>>> print(open('structure29.txt').read())   # compact mmCIF, C-alpha atoms
# COMPACT_ATOMS: atom_id res chain seq x y z
CA MET A 4 85.76 100.31 164.33
CA ASP A 5 85.01 97.54 161.84
CA HIS A 6 87.95 95.11 162.07
CA ARG A 7 87.84 94.71 158.27
CA ILE A 8 89.09 98.28 157.88
CA ASP A 9 92.38 97.43 159.59
CA LYS A 10 92.67 94.25 157.50
CA LEU A 11 92.11 96.20 154.27
CA ALA A 12 94.67 98.84 155.27
CA ASP A 13 97.22 96.10 156.00
CA LEU A 14 96.48 94.46 152.64
CA LEU A 15 96.99 97.75 150.79
CA VAL A 16 100.29 98.49 152.51
CA ARG A 17 101.89 95.04 152.73
CA TYR A 18 100.58 93.53 149.47
CA SER A 19 99.32 96.21 147.06
CA ILE A 20 102.26 98.61 147.32
CA ALA A 21 104.57 96.11 149.10
CA LEU A 22 105.93 98.94 151.23
CA LYS A 23 109.62 98.94 152.10
CA PRO A 24 111.11 100.84 155.07
CA LYS A 25 111.75 104.57 154.46
CA GLU A 26 109.63 104.72 151.32
CA LYS A 27 107.54 107.90 150.98
CA VAL A 28 103.79 107.29 150.59
CA LEU A 29 101.18 109.81 149.40
CA ILE A 30 97.79 108.99 150.98
CA GLN A 31 94.83 110.73 149.32
CA GLY A 32 91.11 110.76 150.00
CA SER A 33 88.10 112.61 151.32
CA ALA A 34 87.50 113.19 155.02
CA LEU A 35 84.51 110.87 154.61
CA ALA A 36 86.99 107.98 154.51
CA SER A 37 88.78 109.00 157.71
CA PRO A 38 88.51 105.54 159.37
CA LEU A 39 90.29 103.84 156.45
CA LEU A 40 92.72 106.74 155.86
CA SER A 41 93.73 106.65 159.53
CA ALA A 42 94.22 102.88 159.37
CA ILE A 43 96.39 103.23 156.24
CA TYR A 44 98.41 106.00 157.92
CA ALA A 45 99.04 103.73 160.90
CA ALA A 46 99.92 100.75 158.70
CA VAL A 47 102.48 102.79 156.75
CA LEU A 48 104.11 103.91 160.01
CA LYS A 49 104.10 100.38 161.44
CA ASN A 50 105.85 99.11 158.32
CA GLY A 51 108.58 101.77 158.41
CA GLY A 52 107.29 104.14 155.71
CA TYR A 53 107.00 107.92 155.60
CA PRO A 54 103.33 108.85 155.07
CA PHE A 55 102.03 112.18 153.78
CA MET A 56 98.27 112.71 154.01
CA HIS A 57 96.41 114.83 151.45
CA ILE A 58 92.78 115.20 152.55
CA SER A 59 89.92 116.81 150.62
CA LEU A 60 86.55 117.95 152.00
CA PRO A 61 83.10 116.71 150.95
CA GLY A 62 81.81 118.96 148.18
CA GLN A 63 85.22 120.49 147.45
CA GLU A 64 85.28 119.40 143.82
CA GLU A 65 81.89 120.95 143.07
CA ILE A 66 82.97 124.23 144.69
CA PHE A 67 86.10 124.23 142.53
CA TYR A 68 84.24 123.80 139.24
CA ARG A 69 81.57 126.36 140.14
CA PHE A 70 83.94 129.19 141.01
CA ALA A 71 87.27 128.48 139.25
CA SER A 72 88.34 130.81 136.45
CA ASP A 73 89.93 129.50 133.25
CA ASP A 74 93.38 130.11 134.71
CA GLN A 75 92.46 128.34 137.94
CA LEU A 76 91.08 125.38 135.99
CA MET A 77 94.45 125.03 134.27
CA PHE A 78 96.52 125.50 137.43
CA LEU A 79 98.43 122.46 138.71
CA PRO A 80 99.52 122.91 142.34
CA PRO A 81 103.32 122.45 142.49
CA PRO A 82 103.19 120.33 145.68
CA MET A 83 100.99 117.76 143.92
CA LEU A 84 103.35 117.58 140.96
CA LEU A 85 106.36 117.32 143.28
CA ALA A 86 104.76 114.44 145.18
CA ILE A 87 103.95 112.46 142.05
CA GLU A 88 107.48 113.13 140.73
CA THR A 89 109.35 112.10 143.89
CA PHE A 90 107.29 109.82 146.16
CA ASP A 91 107.70 106.06 146.07
CA ALA A 92 104.03 105.10 146.37
CA SER A 93 100.49 106.46 146.28
CA ILE A 94 97.37 105.11 148.01
CA SER A 95 94.10 106.76 146.95
CA VAL A 96 90.75 106.15 148.65
CA LEU A 97 87.51 106.97 146.83
CA SER A 98 84.69 108.19 149.10
CA ASP A 99 81.89 110.38 147.74
CA ASN A 100 78.86 111.70 149.55
CA ASN A 101 77.19 112.64 146.24
CA THR A 102 78.28 110.88 143.05
CA ARG A 103 76.16 113.26 140.97
CA ALA A 104 77.64 116.47 142.36
CA LEU A 105 79.15 117.42 138.98
CA SER A 106 76.15 116.49 136.84
CA LYS A 107 75.33 120.14 136.08
CA ILE A 108 78.89 121.33 135.60
CA ASP A 109 79.79 122.48 132.08
CA PRO A 110 81.73 119.61 130.42
CA ALA A 111 84.05 122.21 128.86
CA LYS A 112 85.25 123.20 132.34
CA ILE A 113 85.95 119.57 133.20
CA SER A 114 87.87 119.11 129.95
CA ARG A 115 89.91 122.26 130.59
CA HIS A 116 90.84 121.11 134.08
CA ARG A 117 91.86 117.73 132.69
CA GLN A 118 94.10 119.51 130.20
CA GLY A 119 95.69 121.43 133.06
CA ARG A 120 96.47 118.15 134.82
CA ARG A 121 98.06 116.64 131.71
CA GLN A 122 101.59 116.92 133.10
CA TYR A 123 100.48 115.20 136.31
CA MET A 124 98.85 112.37 134.35
CA ASP A 125 101.83 111.93 132.02
CA THR A 126 104.27 111.86 134.95
CA PHE A 127 102.12 109.38 136.84
CA LEU A 128 101.83 107.02 133.86
CA LYS A 129 105.53 107.28 133.00
CA ARG A 130 106.73 106.53 136.52
CA ALA A 131 104.18 103.73 136.95
CA ALA A 132 105.40 102.14 133.70
CA GLU A 133 109.03 102.42 134.83
CA GLY A 134 108.19 100.84 138.17
CA SER A 135 109.46 103.83 140.15
CA LEU A 136 105.96 104.69 141.45
CA LYS A 137 103.83 102.07 143.18
CA TRP A 138 100.14 102.96 143.40
CA VAL A 139 96.78 101.57 144.40
CA VAL A 140 93.19 102.86 144.45
CA THR A 141 90.46 101.52 146.71
CA LEU A 142 87.03 102.60 147.95
CA PHE A 143 85.48 103.34 151.32
CA PRO A 144 81.75 102.50 151.44
CA THR A 145 79.40 105.50 151.71
CA ASP A 146 75.65 105.99 151.42
CA ALA A 147 76.13 107.54 147.97
CA TYR A 148 77.82 104.44 146.54
CA ALA A 149 75.26 102.19 148.21
CA GLN A 150 72.39 104.15 146.68
CA ASP A 151 73.97 103.98 143.21
CA ALA A 152 74.33 100.21 143.62
CA GLU A 153 70.72 99.97 144.87
CA MET A 154 71.85 98.48 148.17
CA SER A 155 71.63 99.40 151.82
CA LEU A 156 74.87 100.71 153.33
CA LEU A 157 75.30 97.49 155.34
CA ASP A 158 74.83 95.36 152.22
CA PHE A 159 77.23 97.53 150.25
CA GLU A 160 79.86 97.28 152.99
CA GLU A 161 79.58 93.51 152.81
CA PHE A 162 79.91 93.68 149.02
CA VAL A 163 83.01 95.89 149.17
CA TYR A 164 84.92 93.95 151.81
CA ARG A 165 83.99 90.59 150.26
CA ALA A 166 85.24 91.79 146.86
CA CYS A 167 88.52 93.04 148.37
CA MET A 168 89.07 90.15 150.75
CA PRO A 169 87.35 86.95 149.54
CA ASP A 170 89.47 85.13 152.09
CA GLU A 171 89.31 87.42 155.11
CA LYS A 172 91.54 85.13 157.17
CA ASP A 173 94.46 85.47 154.75
CA PRO A 174 93.69 88.09 152.06
CA VAL A 175 97.34 88.33 151.00
CA LEU A 176 97.53 84.60 150.19
CA TYR A 177 94.25 84.81 148.25
CA TRP A 178 95.55 87.54 145.94
CA GLN A 179 98.91 85.80 145.51
CA THR A 180 97.08 82.67 144.28
CA PHE A 181 94.76 84.66 142.03
CA SER A 182 97.77 86.46 140.57
CA LYS A 183 99.39 83.18 139.50
CA TRP A 184 96.26 82.12 137.55
CA GLN A 185 96.00 85.44 135.72
CA GLU A 186 99.71 85.42 134.94
CA LYS A 187 99.25 82.15 133.04
CA LEU A 188 96.57 83.85 130.94
CA CYS A 189 98.81 86.83 130.22
CA ARG A 190 101.68 84.55 129.20
CA TRP A 191 99.41 82.66 126.79
CA LEU A 192 98.52 85.96 125.11
CA GLU A 193 102.18 86.83 124.50
CA GLY A 194 102.96 86.95 120.79
CA LYS A 195 99.32 86.91 119.69
CA LYS A 196 98.23 89.41 117.04
CA ARG A 197 94.49 89.84 116.54
CA VAL A 198 91.41 90.09 118.76
CA ARG A 199 87.79 89.96 117.68
CA ILE A 200 84.85 90.51 120.05
CA VAL A 201 81.32 89.59 119.01
CA SER A 202 78.19 90.12 121.09
CA ALA A 203 74.79 91.78 120.80
CA GLY A 204 75.33 95.04 118.91
CA THR A 205 79.09 94.53 118.84
CA ASP A 206 81.58 93.34 116.25
CA LEU A 207 84.98 94.78 117.04
CA ARG A 208 88.46 93.98 115.79
CA LEU A 209 91.81 95.23 117.06
CA SER A 210 95.51 94.41 116.99
CA ILE A 211 97.53 93.41 120.06
CA GLU A 212 100.69 92.66 118.09
CA ASN A 213 103.79 93.66 120.06
CA ARG A 214 101.62 94.75 122.95
CA ARG A 215 101.77 93.41 126.52
CA PHE A 216 98.87 92.24 128.69
CA ILE A 217 99.05 93.36 132.31
CA ASN A 218 98.04 91.11 135.20
CA CYS A 219 95.77 93.20 137.46
CA ASP A 220 96.03 91.29 140.71
CA GLY A 221 95.45 93.79 143.51
CA HIS A 222 98.61 95.86 143.23
CA HIS A 223 96.93 98.86 141.59
CA ASN A 224 93.22 98.43 142.32
CA MET A 225 91.59 96.87 145.33
CA PRO A 226 89.44 94.96 144.54
CA ASP A 227 90.96 93.78 141.29
CA GLY A 228 90.46 91.17 138.61
CA GLU A 229 91.23 92.02 135.00
CA ILE A 230 93.88 91.70 132.34
CA PHE A 231 94.42 94.61 129.98
CA THR A 232 96.56 95.93 127.17
CA GLY A 233 96.78 98.96 124.93
CA PRO A 234 95.74 98.00 121.38
CA GLU A 235 97.68 99.28 118.39
CA GLU A 236 96.30 102.79 118.10
CA ARG A 237 95.02 102.72 114.53
CA SER A 238 93.91 99.10 114.48
CA VAL A 239 90.46 99.30 116.07
CA GLU A 240 87.72 98.66 113.52
CA GLY A 241 84.01 97.96 113.78
CA TYR A 242 81.33 98.89 116.26
CA VAL A 243 80.51 98.32 119.91
CA THR A 244 77.37 98.75 122.00
CA PHE A 245 78.07 99.09 125.71
CA SER A 246 75.82 97.20 128.10
CA TYR A 247 75.98 99.58 131.05
CA PRO A 248 75.97 103.34 131.56
CA ALA A 249 79.43 104.92 131.44
CA ILE A 250 80.00 107.47 134.19
CA TYR A 251 82.54 110.26 133.93
CA GLU A 252 82.98 113.13 136.39
CA GLY A 253 79.58 112.34 137.89
CA ARG A 254 77.75 112.40 134.54
CA GLU A 255 76.00 109.20 133.44
CA VAL A 256 75.89 108.37 129.73
CA SER A 257 73.79 105.36 128.76
CA GLY A 258 73.06 103.44 125.57
CA ILE A 259 76.48 104.22 124.09
CA ARG A 260 77.31 102.97 120.60
CA LEU A 261 80.68 103.75 119.04
CA VAL A 262 81.89 103.14 115.49
CA PHE A 263 85.64 102.95 114.82
CA LYS A 264 87.59 103.37 111.62
CA GLU A 265 91.39 103.14 111.56
CA GLY A 266 91.38 103.31 115.35
CA ARG A 267 89.40 106.52 115.68
CA VAL A 268 85.82 107.04 116.85
CA VAL A 269 83.98 108.23 113.74
CA GLU A 270 80.49 107.96 115.19
CA ALA A 271 79.37 108.29 118.83
CA ARG A 272 75.75 107.87 119.84
CA ALA A 273 74.04 107.61 123.24
CA GLU A 274 70.48 107.34 124.46
CA LYS A 275 71.22 109.71 127.35
CA ASN A 276 73.71 112.62 127.52
CA GLU A 277 75.01 112.20 123.97
CA ASP A 278 76.23 115.82 123.90
CA PHE A 279 78.39 115.18 126.94
CA LEU A 280 79.82 112.03 125.34
CA GLN A 281 80.84 113.91 122.22
CA LYS A 282 82.34 116.83 124.14
CA ILE A 283 84.54 114.56 126.25
CA ILE A 284 85.65 112.59 123.19
CA SER A 285 86.74 115.90 121.62
CA THR A 286 88.87 116.87 124.63
CA ASP A 287 92.02 116.26 122.58
CA GLU A 288 93.23 114.10 119.68
CA GLY A 289 93.92 111.04 121.84
CA ALA A 290 90.47 111.09 123.43
CA SER A 291 88.90 109.58 120.30
CA TYR A 292 91.29 106.60 120.26
CA VAL A 293 91.36 103.50 122.49
CA GLY A 294 94.00 103.46 125.21
CA GLU A 295 92.94 100.21 126.86
CA PHE A 296 91.28 96.89 126.06
CA ALA A 297 90.55 94.63 129.04
CA LEU A 298 88.77 91.46 130.14
CA GLY A 299 87.08 91.33 133.55
CA THR A 300 87.92 88.23 135.61
CA ASN A 301 86.53 88.72 139.12
CA LYS A 302 83.69 86.22 139.50
CA GLY A 303 82.97 87.65 142.94
CA ILE A 304 81.75 90.85 141.29
CA SER A 305 78.67 89.98 139.28
CA GLN A 306 76.41 93.03 139.42
CA PHE A 307 76.65 96.57 138.08
CA THR A 308 77.16 99.18 140.82
CA ARG A 309 77.84 102.40 138.89
CA GLU A 310 81.34 102.46 140.40
CA ILE A 311 84.00 101.70 137.81
CA LEU A 312 86.47 100.36 140.38
CA PHE A 313 84.14 97.36 140.73
CA ASP A 314 82.25 97.32 137.43
CA GLU A 315 85.29 97.00 135.14
CA LYS A 316 86.24 93.84 137.06
CA ILE A 317 82.89 92.06 136.58
CA GLY A 318 83.71 88.50 135.56
CA GLY A 319 82.51 87.85 132.01
CA THR A 320 82.82 91.40 130.64
CA PHE A 321 85.25 93.38 128.53
CA HIS A 322 85.85 97.09 128.55
CA LEU A 323 87.49 99.72 126.43
CA ALA A 324 88.94 102.98 127.68
CA LEU A 325 88.97 105.99 125.44
CA GLY A 326 91.98 108.24 125.93
CA ALA A 327 95.28 107.71 127.71
CA GLY A 328 96.87 104.30 127.46
CA TYR A 329 99.32 102.78 129.91
CA PRO A 330 102.87 102.92 128.52
CA GLU A 331 103.81 99.59 130.10
CA THR A 332 101.45 97.87 127.64
CA GLY A 333 103.20 99.47 124.68
CA SER A 334 100.41 102.01 124.20
CA ARG A 335 101.45 105.31 122.71
CA ASN A 336 98.06 107.00 123.03
CA ARG A 337 98.19 110.21 125.05
CA SER A 338 95.20 112.16 126.32
CA ALA A 339 93.93 114.16 129.27
CA ILE A 340 91.08 111.62 129.69
CA HIS A 341 90.78 107.91 130.43
CA TRP A 342 87.14 106.77 130.25
CA ASP A 343 86.21 103.12 130.77
CA MET A 344 83.11 101.65 129.08
CA ILE A 345 81.86 98.11 129.77
CA CYS A 346 80.25 95.43 127.60
CA ASP A 347 78.73 92.24 129.06
CA LEU A 348 79.66 88.97 127.34
CA ARG A 349 77.64 86.62 129.55
CA THR A 350 74.68 86.21 127.20
CA GLY A 351 76.14 85.10 123.89
CA GLY A 352 79.43 86.97 123.67
CA GLU A 353 82.65 85.57 122.21
CA VAL A 354 86.27 86.71 122.31
CA TRP A 355 88.62 85.34 119.65
CA VAL A 356 92.40 85.71 119.69
CA ASP A 357 93.97 84.82 116.36
CA ASP A 358 92.21 81.53 115.55
CA PHE A 359 91.39 80.55 119.14
CA ILE A 360 88.19 81.19 121.03
CA VAL A 361 89.28 82.49 124.43
CA ASN A 362 86.02 83.43 126.11
CA LYS A 363 82.47 82.27 125.45
CA ASN A 364 79.40 83.52 127.32
CA GLY A 365 81.70 85.29 129.76
CA CYS A 366 83.71 82.18 130.68
CA PHE A 367 87.32 81.46 129.75
CA VAL A 368 87.55 78.27 127.71
CA LEU A 369 91.33 77.95 127.52
CA SER A 370 93.18 75.07 129.14
CA LEU A 371 96.02 76.77 130.98
>>> encode(input="structure29.txt", output="structure tokens")
Amino acid sequence: MDHRIDKLADLLVRYSIALKPKEKVLIQGSALASPLLSAIYAAVLKNGGYPFMHISLPGQEEIFYRFASDDQLMFLPPPMLLAIETFDASISVLSDNNTRALSKIDPAKISRHRQGRRQYMDTFLKRAAEGSLKWVVTLFPTDAYAQDAEMSLLDFEEFVYRACMPDEKDPVLYWQTFSKWQEKLCRWLEGKKRVRIVSAGTDLRLSIENRRFINCDGHHNMPDGEIFTGPEERSVEGYVTFSYPAIYEGREVSGIRLVFKEGRVVEARAEKNEDFLQKIISTDEGASYVGEFALGTNKGISQFTREILFDEKIGGTFHLALGAGYPETGSRNRSAIHWDMICDLRTGGEVWVDDFIVNKNGCFVLSL
């Protein structure tokens, strides 16, 4: 087995969730990721935790959406709710064999299932904000992800492990050092009030007054590299044109342009799959408001891969998420969806905070 799998599992357990003896850990993923899932299971046991494995099968999600009735779409299995209510930590591993498996599924069915999982999502976000639930998401390389990224599987594996462990000899020390730099940036943003982002096809304004920026340093995503907050819900004004396709439940929407007034999306256009975009935005009231504003900081991730775990971290970008906000930022936006959309700043973009220019052409220009 690739020795990097054991190193990544150790990083997830010892650093990302900082496992303590006797803590209960929910481990989730597809059978496609069995090498990494097994390594995580072993690492949890070695560090004194109590692991519980929840494995799905390739193609299971597509089967569910094709055959589930309305009642089944809304059903939330009690064991899953119990786990998210009572476990100390969650480690989720993404591993798809077909990232387009849901491309022909009726968006209304996806929205209905999301509504049925609302209690799960609310519980997860509440406990995460309180600090009573530690969680991290990572990815196991598959042919499907490699094809989306227009790479061979070997090249994509190199990309993934390099992004997660830039210093393979001591990945924990690397992320501890990175965390300290980002924390300085978050502290500088404390007490600031207004943000303006200007780039090609974008002029957006929002309020961050009384909101907190979160240092994303490998404790919730691996790889990581962003700072984010939840803007004041009714403050977002202006328009934004997203540089890359936004992918949700296997459906790719490209050429997205959104117009905001008093925080709400009042116009949504796309060059591809515009109907899907509008249906997802109408999932519930909160789906048309912004739950997250973030700046990508990982310079080791420079290309678009069609996998949001990596793409939202691209150094020199910002992204917005429509839908649910994270309570720990101060966000009060609630929704059954959380959909990230990315805008590249590396060719002429600027980010202003109050009267200071923070980022120009994708590079931070602050002296911290």
>>> atom_distance(input="structure29.txt", atom1="atom CA of Glu240 of chain A", atom2="atom CA of Arg190 of chain A")
25.3 Å
>>> closest_atom_pairs(input="structure29.txt", of="segment 91-192 of chain A", to="segment 209-220 of chain A", cutoff="7 Å", atoms="all atoms listed in the file", output="tab-separated table")
residue	atom	partner	partner_atom	distance
A:Trp178	CA	A:Asp220	CA	6.5
A:Phe181	CA	A:Asp220	CA	6.9
A:Ser182	CA	A:Asp220	CA	5.1
A:Gln185	CA	A:Asn218	CA	6.0
A:Glu186	CA	A:Asn218	CA	5.9
A:Cys189	CA	A:Phe216	CA	5.6
>>> closest_residue(input="structure29.txt", among="A:Val47, A:Ile94, A:Met168, A:Ala327", to="Leu128 of chain A", atoms="only C-alpha atoms")
A:Ala327
>>> closest_residue(input="structure29.txt", among="A:Asp74, A:Glu265, A:Glu252, A:Glu315", to="Arg237 of chain A", atoms="all atoms listed in the file")
A:Glu265
>>> residues_around(input="structure29.txt", residues="Val96 of chain A", least_positions_apart="5", cutoff="10 Å", atoms="all atoms listed in the file", output="list of chain:residue names")
A:Ile30, A:Gln31, A:Gly32, A:Ser33, A:Leu35, A:Ala36, A:Ser37, A:Leu39, A:Leu40, A:Ile43, A:Val139, A:Val140, A:Thr141, A:Leu142, A:Phe143, A:Met225
>>> closest_residue(input="structure29.txt", among="A:Leu84, A:Leu369, A:Cys167, A:Val28", to="Asp125 of chain A", atoms="all atoms listed in the file")
A:Leu84
>>> closest_residue(input="structure29.txt", among="A:Thr126, A:Ser114, A:Ser246, A:Ser135", to="Ser285 of chain A", atoms="all atoms listed in the file")
A:Ser114
>>> closest_residue(input="structure29.txt", among="A:Asp146, A:Asp357, A:Glu88, A:Asp287", to="Arg115 of chain A", atoms="all atoms listed in the file")
A:Asp287
>>> residues_around(input="structure29.txt", residues="Gly333 of chain A", least_positions_apart="2", cutoff="9 Å", atoms="all atoms listed in the file", output="PyMOL selection string")
chain A and resi 213-215+232-235+328-331+335
>>> closest_residue(input="structure29.txt", among="A:Gln122, A:Asn50, A:Thr102, A:Ser95", to="Ala152 of chain A", atoms="all atoms listed in the file")
A:Thr102
>>> atom_distance(input="structure29.txt", atom1="atom CA of Leu97 of chain A", atom2="atom CA of Leu136 of chain A")
19.4 Å
>>> residues_near_point(input="structure29.txt", point="(75.7, 87.5, 120.1)", cutoff="6 Å", atoms="all atoms listed in the file", output="ChimeraX atom specification")
/A:202-203,351-352
>>> residues_around(input="structure29.txt", residues="Cys366 of chain A", least_positions_apart="4", cutoff="9 Å", atoms="all atoms listed in the file", output="mmCIF file with C-alpha atoms, keeping the file's coordinate frame")
data_model
loop_
_atom_site.group_PDB
_atom_site.id
_atom_site.type_symbol
_atom_site.label_atom_id
_atom_site.label_comp_id
_atom_site.auth_asym_id
_atom_site.auth_seq_id
_atom_site.Cartn_x
_atom_site.Cartn_y
_atom_site.Cartn_z
ATOM 1 C CA THR A 300 87.920 88.230 135.610
ATOM 2 C CA GLY A 318 83.710 88.500 135.560
ATOM 3 C CA GLY A 319 82.510 87.850 132.010
ATOM 4 C CA LEU A 348 79.660 88.970 127.340
ATOM 5 C CA ARG A 349 77.640 86.620 129.550
ATOM 6 C CA VAL A 361 89.280 82.490 124.430
ATOM 7 C CA ASN A 362 86.020 83.430 126.110
#
>>> residues_around(input="structure29.txt", residues="Ile8 of chain A", least_positions_apart="4", cutoff="8 Å", atoms="only C-alpha atoms", output="VMD selection string")
chain A and resid 4 12 38 to 39 42
>>> atom_distance(input="structure29.txt", atom1="atom CA of Leu156 of chain A", atom2="atom CA of Lys316 of chain A")
21.0 Å
>>> residues_around(input="structure29.txt", residues="Lys23 of chain A", least_positions_apart="4", cutoff="12 Å", atoms="all atoms listed in the file", output="mmCIF file with C-alpha atoms, keeping the file's coordinate frame")
data_model
loop_
_atom_site.group_PDB
_atom_site.id
_atom_site.type_symbol
_atom_site.label_atom_id
_atom_site.label_comp_id
_atom_site.auth_asym_id
_atom_site.auth_seq_id
_atom_site.Cartn_x
_atom_site.Cartn_y
_atom_site.Cartn_z
ATOM 1 C CA VAL A 16 100.290 98.490 152.510
ATOM 2 C CA ARG A 17 101.890 95.040 152.730
ATOM 3 C CA TYR A 18 100.580 93.530 149.470
ATOM 4 C CA SER A 19 99.320 96.210 147.060
ATOM 5 C CA LYS A 27 107.540 107.900 150.980
ATOM 6 C CA VAL A 28 103.790 107.290 150.590
ATOM 7 C CA ALA A 46 99.920 100.750 158.700
ATOM 8 C CA VAL A 47 102.480 102.790 156.750
ATOM 9 C CA LEU A 48 104.110 103.910 160.010
ATOM 10 C CA LYS A 49 104.100 100.380 161.440
ATOM 11 C CA ASN A 50 105.850 99.110 158.320
ATOM 12 C CA GLY A 51 108.580 101.770 158.410
ATOM 13 C CA GLY A 52 107.290 104.140 155.710
ATOM 14 C CA TYR A 53 107.000 107.920 155.600
ATOM 15 C CA ASP A 91 107.700 106.060 146.070
ATOM 16 C CA ALA A 92 104.030 105.100 146.370
ATOM 17 C CA LYS A 137 103.830 102.070 143.180
#
>>> residues_near_point(input="structure29.txt", point="(78.6, 90.5, 134.8)", cutoff="9 Å", atoms="only C-alpha atoms", output="ChimeraX atom specification")
/A:299,302,304-307,314,316-320,346-349,365
>>> axis_aligned_box(input="structure29.txt", around="segment 18-30 of chain A", padding_each_side="4 Å", output="JSON")
{"center_x": 104.8, "center_y": 101.7, "center_z": 151.1, "size_x": 22.0, "size_y": 24.3, "size_z": 16.0}
